[in-house]
>>> print(open('data-v2.cif').read())   # mmCIF, C-alpha atoms
data_input
loop_
_atom_site.group_PDB
_atom_site.id
_atom_site.type_symbol
_atom_site.label_atom_id
_atom_site.label_comp_id
_atom_site.auth_asym_id
_atom_site.auth_seq_id
_atom_site.Cartn_x
_atom_site.Cartn_y
_atom_site.Cartn_z
ATOM 1 C CA MET A 197 66.059 -38.005 102.135
ATOM 2 C CA THR A 198 68.508 -39.866 104.315
ATOM 3 C CA PRO A 199 67.993 -38.842 107.961
ATOM 4 C CA LEU A 200 70.807 -37.031 109.713
ATOM 5 C CA THR A 201 72.917 -39.074 112.039
ATOM 6 C CA LYS A 202 73.293 -36.027 114.270
ATOM 7 C CA ARG A 203 72.531 -32.344 114.205
ATOM 8 C CA SER A 204 74.697 -29.784 115.839
ATOM 9 C CA PRO A 205 73.057 -26.744 117.447
ATOM 10 C CA SER A 206 73.069 -23.572 115.418
ATOM 11 C CA PRO A 207 75.627 -21.331 117.094
ATOM 12 C CA THR A 208 74.545 -18.136 118.804
ATOM 13 C CA VAL A 209 77.156 -15.455 119.208
ATOM 14 C CA PRO A 210 76.461 -12.491 121.497
ATOM 15 C CA GLY A 211 77.643 -9.001 120.720
ATOM 16 C CA PRO A 212 80.422 -7.214 122.565
ATOM 17 C CA ALA A 213 77.870 -5.564 124.864
ATOM 18 C CA GLU A 214 77.267 -8.905 126.573
ATOM 19 C CA MET A 215 80.923 -9.267 127.586
ATOM 20 C CA PRO A 216 81.353 -8.678 131.340
ATOM 21 C CA GLY A 217 83.525 -5.774 132.440
ATOM 22 C CA ARG A 218 86.953 -6.704 133.703
ATOM 23 C CA THR A 219 89.598 -4.948 135.746
ATOM 24 C CA VAL A 220 93.004 -5.632 134.289
ATOM 25 C CA PHE A 221 94.832 -7.751 136.857
ATOM 26 C CA ARG A 222 98.239 -7.116 135.446
ATOM 27 C CA ARG A 223 98.967 -4.884 132.472
ATOM 28 C CA ALA A 224 102.121 -6.843 131.812
ATOM 29 C CA VAL A 225 100.127 -10.079 131.495
ATOM 30 C CA THR A 226 97.714 -8.512 129.044
ATOM 31 C CA GLY A 227 100.661 -7.354 126.977
ATOM 32 C CA LEU A 228 101.960 -10.904 126.980
ATOM 33 C CA VAL A 229 98.640 -12.241 125.747
ATOM 34 C CA VAL A 230 98.520 -9.694 122.926
ATOM 35 C CA LEU A 231 102.120 -10.184 121.794
ATOM 36 C CA GLY A 232 102.164 -13.944 122.188
ATOM 37 C CA LEU A 233 98.884 -14.797 120.479
ATOM 38 C CA LEU A 234 98.392 -12.564 117.477
ATOM 39 C CA GLY A 235 99.631 -12.368 113.941
ATOM 40 C CA PRO A 236 101.315 -14.749 111.499
ATOM 41 C CA GLY A 237 103.739 -16.039 114.090
ATOM 42 C CA VAL A 238 101.207 -18.648 115.250
ATOM 43 C CA VAL A 239 102.571 -22.149 115.113
ATOM 44 C CA GLY A 240 101.759 -23.813 111.800
ATOM 45 C CA CYS A 241 100.496 -20.727 109.955
ATOM 46 C CA GLY A 242 102.506 -20.081 106.826
ATOM 47 C CA ASP A 243 104.717 -23.108 107.413
ATOM 48 C CA ALA A 244 105.781 -24.684 104.120
ATOM 49 C CA ARG A 245 106.272 -28.009 105.900
ATOM 50 C CA ARG A 246 102.623 -28.473 106.817
ATOM 51 C CA PRO A 247 100.952 -31.117 104.593
ATOM 52 C CA GLU A 248 98.170 -28.862 103.317
ATOM 53 C CA ALA A 249 100.444 -26.085 102.017
ATOM 54 C CA ALA A 250 100.318 -27.420 98.453
ATOM 55 C CA ASP A 251 96.507 -27.262 98.241
ATOM 56 C CA THR A 252 96.560 -23.772 96.768
ATOM 57 C CA PRO A 253 99.298 -21.205 96.125
ATOM 58 C CA ALA A 254 97.499 -18.316 97.778
ATOM 59 C CA ALA A 255 95.518 -17.826 100.967
ATOM 60 C CA THR A 256 92.801 -15.233 101.599
ATOM 61 C CA ALA A 257 92.019 -13.522 104.879
ATOM 62 C CA THR A 258 88.759 -12.075 106.107
ATOM 63 C CA GLY A 259 87.742 -10.778 109.502
ATOM 64 C CA SER A 260 84.789 -9.613 111.561
ATOM 65 C CA ALA A 261 87.012 -7.361 113.659
ATOM 66 C CA SER A 262 90.212 -5.444 113.090
ATOM 67 C CA SER A 263 93.224 -7.735 113.299
ATOM 68 C CA PRO A 264 95.698 -6.676 115.984
ATOM 69 C CA ALA A 265 99.371 -6.041 115.392
ATOM 70 C CA ALA A 266 101.290 -8.875 113.784
ATOM 71 C CA GLY A 267 103.697 -11.039 115.718
ATOM 72 C CA PRO A 268 107.064 -12.482 114.639
ATOM 73 C CA THR A 269 107.459 -13.672 111.058
ATOM 74 C CA THR A 270 110.024 -16.434 111.553
ATOM 75 C CA ALA A 271 109.051 -19.840 110.148
ATOM 76 C CA PRO A 272 107.211 -21.742 112.907
ATOM 77 C CA PRO A 273 107.163 -25.503 113.598
ATOM 78 C CA PRO A 274 104.132 -27.625 112.570
ATOM 79 C CA SER A 275 100.771 -27.028 114.226
ATOM 80 C CA SER A 276 99.226 -29.268 116.869
ATOM 81 C CA ALA A 277 97.075 -30.732 114.099
ATOM 82 C CA THR A 278 100.062 -31.948 112.066
ATOM 83 C CA PRO A 279 99.730 -35.746 112.004
ATOM 84 C CA ASP A 280 102.589 -37.676 113.576
ATOM 85 C CA PRO A 281 103.805 -40.412 111.197
ATOM 86 C CA ALA A 282 104.307 -42.659 114.223
ATOM 87 C CA ALA A 283 100.781 -42.110 115.517
ATOM 88 C CA THR A 284 98.240 -44.897 115.548
ATOM 89 C CA PRO A 285 94.973 -43.288 114.440
ATOM 90 C CA GLY A 286 91.518 -44.638 115.121
ATOM 91 C CA SER A 287 89.116 -45.772 112.421
ATOM 92 C CA ARG A 288 90.536 -44.748 109.019
ATOM 93 C CA GLU A 289 86.975 -44.118 107.812
ATOM 94 C CA ALA A 290 86.620 -41.333 110.378
ATOM 95 C CA LEU A 291 89.781 -39.383 109.559
ATOM 96 C CA VAL A 292 89.411 -35.998 107.872
ATOM 97 C CA ALA A 293 91.231 -35.836 104.524
ATOM 98 C CA GLY A 294 92.692 -39.234 105.397
ATOM 99 C CA ARG A 295 94.965 -37.870 108.141
ATOM 100 C CA TYR A 296 93.293 -35.489 110.630
ATOM 101 C CA GLN A 297 91.314 -36.288 113.769
ATOM 102 C CA PRO A 298 87.594 -35.288 113.558
ATOM 103 C CA LEU A 299 87.153 -33.223 116.719
ATOM 104 C CA TRP A 300 83.836 -31.419 116.031
ATOM 105 C CA PRO A 301 81.046 -31.210 114.962
ATOM 106 C CA PHE A 302 80.982 -34.583 113.146
ATOM 107 C CA ALA A 303 82.395 -37.783 114.614
ATOM 108 C CA THR A 304 82.488 -39.725 111.320
ATOM 109 C CA GLN A 305 82.511 -39.212 107.566
ATOM 110 C CA ALA A 306 79.007 -40.739 107.456
ATOM 111 C CA GLU A 307 77.653 -37.989 109.732
ATOM 112 C CA ALA A 308 79.234 -35.272 107.583
ATOM 113 C CA ALA A 309 77.859 -36.854 104.392
ATOM 114 C CA ALA A 310 74.365 -37.134 105.920
ATOM 115 C CA TRP A 311 74.383 -33.408 106.708
ATOM 116 C CA GLN A 312 75.642 -32.674 103.178
ATOM 117 C CA ARG A 313 72.747 -34.600 101.590
ATOM 118 C CA ALA A 314 70.202 -32.885 103.828
ATOM 119 C CA HIS A 315 71.633 -29.455 103.110
ATOM 120 C CA ARG A 316 71.422 -30.042 99.369
ATOM 121 C CA GLU A 317 67.719 -30.844 99.749
ATOM 122 C CA ASN A 318 66.543 -28.192 102.209
ATOM 123 C CA GLY A 319 69.456 -25.897 103.145
ATOM 124 C CA ASP A 320 69.684 -27.400 106.621
ATOM 125 C CA ASP A 321 72.231 -25.838 109.056
ATOM 126 C CA ALA A 322 74.098 -23.717 106.506
ATOM 127 C CA TRP A 323 76.530 -22.543 109.202
ATOM 128 C CA HIS A 324 78.552 -25.712 108.584
ATOM 129 C CA LEU A 325 79.745 -24.061 105.349
ATOM 130 C CA ASP A 326 81.221 -21.074 107.219
ATOM 131 C CA PRO A 327 84.570 -21.801 108.928
ATOM 132 C CA GLY A 328 84.266 -18.741 111.172
ATOM 133 C CA ARG A 329 80.847 -19.711 112.505
ATOM 134 C CA THR A 330 81.940 -23.328 112.906
ATOM 135 C CA ALA A 331 85.055 -22.321 114.880
ATOM 136 C CA LEU A 332 82.988 -20.078 117.163
ATOM 137 C CA ALA A 333 80.365 -22.784 117.687
ATOM 138 C CA PHE A 334 83.141 -25.219 118.622
ATOM 139 C CA THR A 335 84.622 -22.703 121.071
ATOM 140 C CA ARG A 336 81.377 -21.502 122.653
ATOM 141 C CA ASP A 337 78.857 -24.336 122.303
ATOM 142 C CA HIS A 338 81.141 -27.374 122.542
ATOM 143 C CA LEU A 339 83.969 -26.186 124.797
ATOM 144 C CA GLY A 340 81.772 -23.769 126.781
ATOM 145 C CA PHE A 341 84.075 -20.732 126.436
ATOM 146 C CA THR A 342 81.197 -18.266 126.095
ATOM 147 C CA GLU A 343 83.248 -15.092 126.547
ATOM 148 C CA ILE A 344 85.027 -15.774 123.260
ATOM 149 C CA ASP A 345 82.557 -14.132 120.900
ATOM 150 C CA ARG A 346 84.214 -13.256 117.592
ATOM 151 C CA ALA A 347 86.190 -14.516 114.630
ATOM 152 C CA VAL A 348 88.936 -11.900 114.526
ATOM 153 C CA LYS A 349 90.445 -13.214 111.305
ATOM 154 C CA THR A 350 89.895 -16.152 108.956
ATOM 155 C CA VAL A 351 92.673 -17.388 106.681
ATOM 156 C CA ARG A 352 91.579 -19.877 104.028
ATOM 157 C CA ASP A 353 94.025 -22.053 102.105
ATOM 158 C CA GLY A 354 92.261 -24.461 99.756
ATOM 159 C CA ARG A 355 90.275 -26.942 101.849
ATOM 160 C CA HIS A 356 91.889 -25.671 105.057
ATOM 161 C CA ALA A 357 91.018 -22.662 107.211
ATOM 162 C CA ARG A 358 92.565 -21.032 110.262
ATOM 163 C CA VAL A 359 90.153 -18.981 112.357
ATOM 164 C CA HIS A 360 91.514 -16.604 115.012
ATOM 165 C CA VAL A 361 88.834 -16.600 117.722
ATOM 166 C CA GLY A 362 88.879 -14.036 120.512
ATOM 167 C CA PHE A 363 87.166 -11.373 122.557
ATOM 168 C CA HIS A 364 87.315 -7.630 123.197
ATOM 169 C CA GLY A 365 89.128 -6.591 126.364
ATOM 170 C CA GLN A 366 89.897 -3.225 127.898
ATOM 171 C CA GLU A 367 93.077 -2.965 125.839
ATOM 172 C CA GLY A 368 91.640 -4.127 122.529
ATOM 173 C CA THR A 369 90.815 -7.359 120.750
ATOM 174 C CA LEU A 370 92.622 -10.419 122.072
ATOM 175 C CA VAL A 371 92.997 -13.746 120.273
ATOM 176 C CA ALA A 372 92.472 -16.815 122.444
ATOM 177 C CA ALA A 373 93.370 -19.480 119.857
ATOM 178 C CA VAL A 374 93.786 -20.173 116.162
ATOM 179 C CA VAL A 375 91.373 -22.984 115.278
ATOM 180 C CA HIS A 376 92.367 -25.236 112.353
ATOM 181 C CA LEU A 377 89.494 -26.580 110.228
ATOM 182 C CA VAL A 378 89.387 -28.853 107.154
ATOM 183 C CA ARG A 379 86.484 -29.627 104.820
ATOM 184 C CA TYR A 380 85.142 -33.073 105.740
ATOM 185 C CA GLY A 381 84.255 -34.978 102.572
ATOM 186 C CA ALA A 382 84.072 -34.282 98.840
ATOM 187 C CA GLY A 383 82.671 -31.312 96.955
ATOM 188 C CA THR A 384 82.638 -27.565 97.443
ATOM 189 C CA ASP A 385 79.739 -27.952 99.883
ATOM 190 C CA ALA A 386 81.582 -30.340 102.218
ATOM 191 C CA PRO A 387 81.169 -29.088 105.811
ATOM 192 C CA TRP A 388 84.000 -27.657 107.883
ATOM 193 C CA GLU A 389 85.434 -29.817 110.659
ATOM 194 C CA VAL A 390 87.643 -28.695 113.553
ATOM 195 C CA VAL A 391 90.860 -30.742 113.571
ATOM 196 C CA GLY A 392 93.113 -28.853 116.012
ATOM 197 C CA THR A 393 94.698 -25.513 116.912
ATOM 198 C CA ASP A 394 97.860 -23.641 115.942
ATOM 199 C CA ASP A 395 99.740 -22.657 119.086
ATOM 200 C CA THR A 396 102.191 -19.973 120.200
ATOM 201 C CA SER A 397 102.748 -19.126 123.870
ATOM 202 C CA PHE A 398 100.527 -21.958 125.154
ATOM 203 C CA SER A 399 100.753 -25.453 123.712
ATOM 204 C CA LEU A 400 99.476 -28.978 124.292
ATOM 205 C CA THR A 401 102.005 -31.442 122.905
ATOM 206 C CA LYS A 402 101.535 -34.540 125.070
ATOM 207 C CA PRO A 403 99.977 -36.887 124.091
ATOM 208 C CA GLY A 404 101.025 -36.357 120.481
ATOM 209 C CA TYR A 405 98.405 -35.572 117.864
ATOM 210 C CA GLY A 406 96.685 -38.709 116.566
ATOM 211 C CA LYS A 407 98.183 -40.964 119.210
ATOM 212 C CA ALA A 408 96.257 -43.927 120.594
ATOM 213 C CA VAL A 409 95.926 -43.545 124.371
ATOM 214 C CA ALA A 410 95.835 -46.606 126.589
ATOM 215 C CA GLY A 411 93.234 -45.296 128.994
ATOM 216 C CA SER A 412 92.761 -43.325 132.190
ATOM 217 C CA PRO A 413 94.506 -41.588 133.877
ATOM 218 C CA LEU A 414 96.109 -39.697 130.990
ATOM 219 C CA THR A 415 99.232 -37.555 131.320
ATOM 220 C CA VAL A 416 98.979 -34.326 129.326
ATOM 221 C CA GLY A 417 101.400 -31.439 128.988
ATOM 222 C CA GLY A 418 103.028 -28.785 126.862
ATOM 223 C CA ARG A 419 104.704 -25.411 127.224
ATOM 224 C CA LEU A 420 103.481 -22.061 128.535
ATOM 225 C CA SER A 421 104.568 -18.428 128.740
ATOM 226 C CA GLY A 422 102.674 -16.332 131.272
ATOM 227 C CA VAL A 423 102.342 -15.132 134.841
ATOM 228 C CA ASP A 424 100.250 -16.726 137.608
ATOM 229 C CA GLU A 425 98.470 -19.090 135.197
ATOM 230 C CA ASN A 426 95.981 -21.766 136.249
ATOM 231 C CA ILE A 427 95.508 -24.444 133.609
ATOM 232 C CA LYS A 428 92.224 -26.339 133.297
ATOM 233 C CA ILE A 429 92.155 -29.609 131.345
ATOM 234 C CA GLN A 430 89.118 -31.261 129.774
ATOM 235 C CA VAL A 431 88.599 -34.463 127.773
ATOM 236 C CA ARG A 432 85.731 -34.205 125.272
ATOM 237 C CA ARG A 433 84.241 -36.018 122.289
ATOM 238 C CA PRO A 434 81.814 -35.019 119.483
ATOM 239 C CA GLY A 435 78.165 -35.387 120.458
ATOM 240 C CA ALA A 436 78.781 -35.311 124.219
ATOM 241 C CA ALA A 437 77.413 -32.264 126.031
ATOM 242 C CA ALA A 438 79.626 -32.656 129.108
ATOM 243 C CA PRO A 439 83.343 -33.412 129.447
ATOM 244 C CA LEU A 440 84.322 -37.071 129.805
ATOM 245 C CA GLY A 441 86.851 -35.933 132.399
ATOM 246 C CA GLU A 442 88.435 -32.729 133.690
ATOM 247 C CA ARG A 443 91.131 -31.413 136.002
ATOM 248 C CA CYS A 444 91.384 -27.965 137.584
ATOM 249 C CA CYS A 445 93.617 -26.251 138.161
ATOM 250 C CA VAL A 446 97.316 -26.709 137.421
ATOM 251 C CA PRO A 447 99.564 -23.737 138.284
ATOM 252 C CA GLY A 448 102.010 -22.564 135.637
ATOM 253 C CA GLY A 449 104.034 -19.627 134.432
ATOM 254 C CA GLY A 450 107.400 -18.392 133.264
ATOM 255 C CA GLU A 451 108.913 -18.093 129.815
ATOM 256 C CA ASP A 452 108.253 -21.111 127.582
ATOM 257 C CA SER A 453 108.067 -23.307 130.683
ATOM 258 C CA PRO A 454 106.898 -26.933 130.621
ATOM 259 C CA TRP A 455 103.644 -27.906 132.307
ATOM 260 C CA SER A 456 102.173 -31.329 132.974
ATOM 261 C CA ALA A 457 99.190 -32.936 134.719
ATOM 262 C CA GLU A 458 97.109 -36.106 134.904
ATOM 263 C CA VAL A 459 93.415 -36.227 134.034
ATOM 264 C CA THR A 460 90.995 -39.119 134.528
ATOM 265 C CA PHE A 461 88.197 -39.886 132.077
ATOM 266 C CA ALA A 462 85.869 -42.621 130.850
ATOM 267 C CA ALA A 463 85.424 -43.243 127.110
ATOM 268 C CA PRO A 464 84.540 -46.206 124.879
ATOM 269 C CA ALA A 465 87.074 -47.885 122.593
ATOM 270 C CA ASP A 466 87.829 -46.546 119.095
ATOM 271 C CA THR A 467 86.683 -43.050 120.015
ATOM 272 C CA THR A 468 88.198 -39.741 118.948
ATOM 273 C CA LEU A 469 88.904 -37.522 121.946
ATOM 274 C CA THR A 470 89.588 -33.793 122.138
ATOM 275 C CA ILE A 471 92.054 -32.850 124.864
ATOM 276 C CA VAL A 472 91.540 -29.195 125.830
ATOM 277 C CA ALA A 473 93.777 -27.006 127.989
ATOM 278 C CA SER A 474 92.759 -23.448 128.881
ATOM 279 C CA THR A 475 94.042 -20.660 131.092
ATOM 280 C CA GLY A 476 92.828 -17.220 132.142
ATOM 281 C CA GLY A 477 91.634 -15.195 135.084
ATOM 282 C CA HIS A 478 93.480 -11.949 134.439
ATOM 283 C CA VAL A 479 91.136 -10.191 132.013
ATOM 284 C CA ALA A 480 88.720 -13.041 131.198
ATOM 285 C CA ASP A 481 87.884 -16.500 132.512
ATOM 286 C CA VAL A 482 89.418 -18.071 129.386
ATOM 287 C CA GLU A 483 92.139 -16.006 127.719
ATOM 288 C CA ARG A 484 93.970 -18.780 125.849
ATOM 289 C CA PHE A 485 93.221 -22.362 124.929
ATOM 290 C CA THR A 486 94.810 -25.172 122.964
ATOM 291 C CA VAL A 487 93.474 -28.554 121.799
ATOM 292 C CA THR A 488 94.810 -31.787 120.372
ATOM 293 C CA GLY A 489 93.128 -34.908 119.040
ATOM 294 C CA VAL A 490 93.769 -38.507 120.127
ATOM 295 C CA ASN A 491 91.817 -41.766 120.115
ATOM 296 C CA THR A 492 91.217 -44.621 122.512
ATOM 297 C CA GLY A 493 92.220 -47.359 120.096
ATOM 298 C CA SER A 494 90.244 -50.572 119.646
#
>>> encode(input="data-v2.cif", output="structure tokens")
Amino acid sequence: MTPLTKRSPSPTVPGPAEMPGRTVFRRAVTGLVVLGLLGPGVVGCGDARRPEAADTPAATATGSASSPAAGPTTAPPPSSATPDPAATPGSREALVAGRYQPLWPFATQAEAAAWQRAHRENGDDAWHLDPGRTALAFTRDHLGFTEIDRAVKTVRDGRHARVHVGFHGQEGTLVAAVVHLVRYGAGTDAPWEVVGTDDTSFSLTKPGYGKAVAGSPLTVGGRLSGVDENIKIQVRRPGAAAPLGERCCVPGGGEDSPWSAEVTFAAPADTTLTIVASTGGHVADVERFTVTGVNTGS
């Protein structure tokens, strides 16, 4: 048996009873979170322009909790994980399906293949075959957003999956993000890999997905709808327990308003980075988050 290059921790997801009680800071803000984050109006979901739409003609949805009311049904723009043709990706051998940034849990195709061989021999870490568990492990174990404790809905489309991750608040189940995953490698037992998020009322568009960044400090930004928001930014990479850099907190708010900040970090060359932006504080520490993938070039 070929030894694993790395092993990700098996995710542990607490039940709703472990969620701390919250006093709703502003009912209007909670309503904004519910209306802005749920349903098929998420950016990239159902968009015929996204590159993976031709994988299969039909998608299936499953959920561990009741899905909240649907949002708008107008055709959205591409997701944050839609590769930019002008982007300069890192090592081609590391890209997922030849075009997506490997954000977590595997940093390279070799790591994913090593897990696949081990699993075929002894059933090691079977959670990699479940997109819902993988999305929650990414959110809780890698990003540290422990209050987000459930996969509200999972939509599978061929080798792609969108997992709506969220938590239960005083006014129902809220979705914090829609995590985009792609199978990393060949075969029906290829593991799931996080490659980005689909965004609605909170986005991270700068730097563009797949771009090569020159170094630190890095200017990041996007758009935000909300009231009295405080945005926290982190720079992470697969296999690293702590952020490579972070910035807290950037004030924001309004209706589809731009936000921007600089974050410093230290990372080696030819490394895939996950840029994470999160906001909260009204009903939970983290109520919404968005990620994009870049690399440091060679």
>>> resolve_selection(input="data-v2.cif", expression="the PyMOL selection byres ((chain A and resi 381) around 8)", output="VMD selection string")
chain A and resid 292 to 293 305 308 to 309 379 to 380 382 to 383 386 to 387
>>> atom_distance(input="data-v2.cif", atom1="atom CA of A:Val487", atom2="atom CA of A:Thr393")
5.9 Å
>>> atom_distance(input="data-v2.cif", atom1="atom CA of A:Ser397", atom2="atom CA of A:Gly365")
18.7 Å
>>> resolve_selection(input="data-v2.cif", expression="the PyMOL selection byres ((chain A and resi 464-473) around 6)", output="ChimeraX atom specification")
/A:286,299,428-433,463,474,485-494
>>> closest_residue(input="data-v2.cif", among="A:Val378, A:Ala457, A:Ala462, A:Ala480", to="A:Gly294", atoms="only C-alpha atoms")
A:Val378
>>> closest_residue(input="data-v2.cif", among="A:Pro413, A:Thr475, A:Gly422, A:Val351", to="A:Phe461", atoms="all atoms listed in the file")
A:Pro413
>>> resolve_selection(input="data-v2.cif", expression="the PyMOL selection byres ((chain A and resi 301) around 10)", output="VMD selection string")
chain A and resid 202 to 205 298 to 300 302 to 304 307 to 308 324 330 to 331 333 to 334 338 387 to 391 433 to 435
>>> residues_around(input="data-v2.cif", residues="A:Pro327", least_positions_apart="6", cutoff="8 Å", atoms="all atoms listed in the file", output="PyMOL selection string")
chain A and resi 350+357+359+377+388
>>> atom_distance(input="data-v2.cif", atom1="atom CA of A:Gly417", atom2="atom CA of A:Trp455")
5.3 Å
>>> closest_residue(input="data-v2.cif", among="A:Val459, A:Ala436, A:Ala408, A:Val446", to="A:Asp424", atoms="only C-alpha atoms")
A:Val446
>>> closest_residue(input="data-v2.cif", among="A:Trp311, A:Leu370, A:Gly392, A:Gly441", to="A:Gly406", atoms="only C-alpha atoms")
A:Gly392
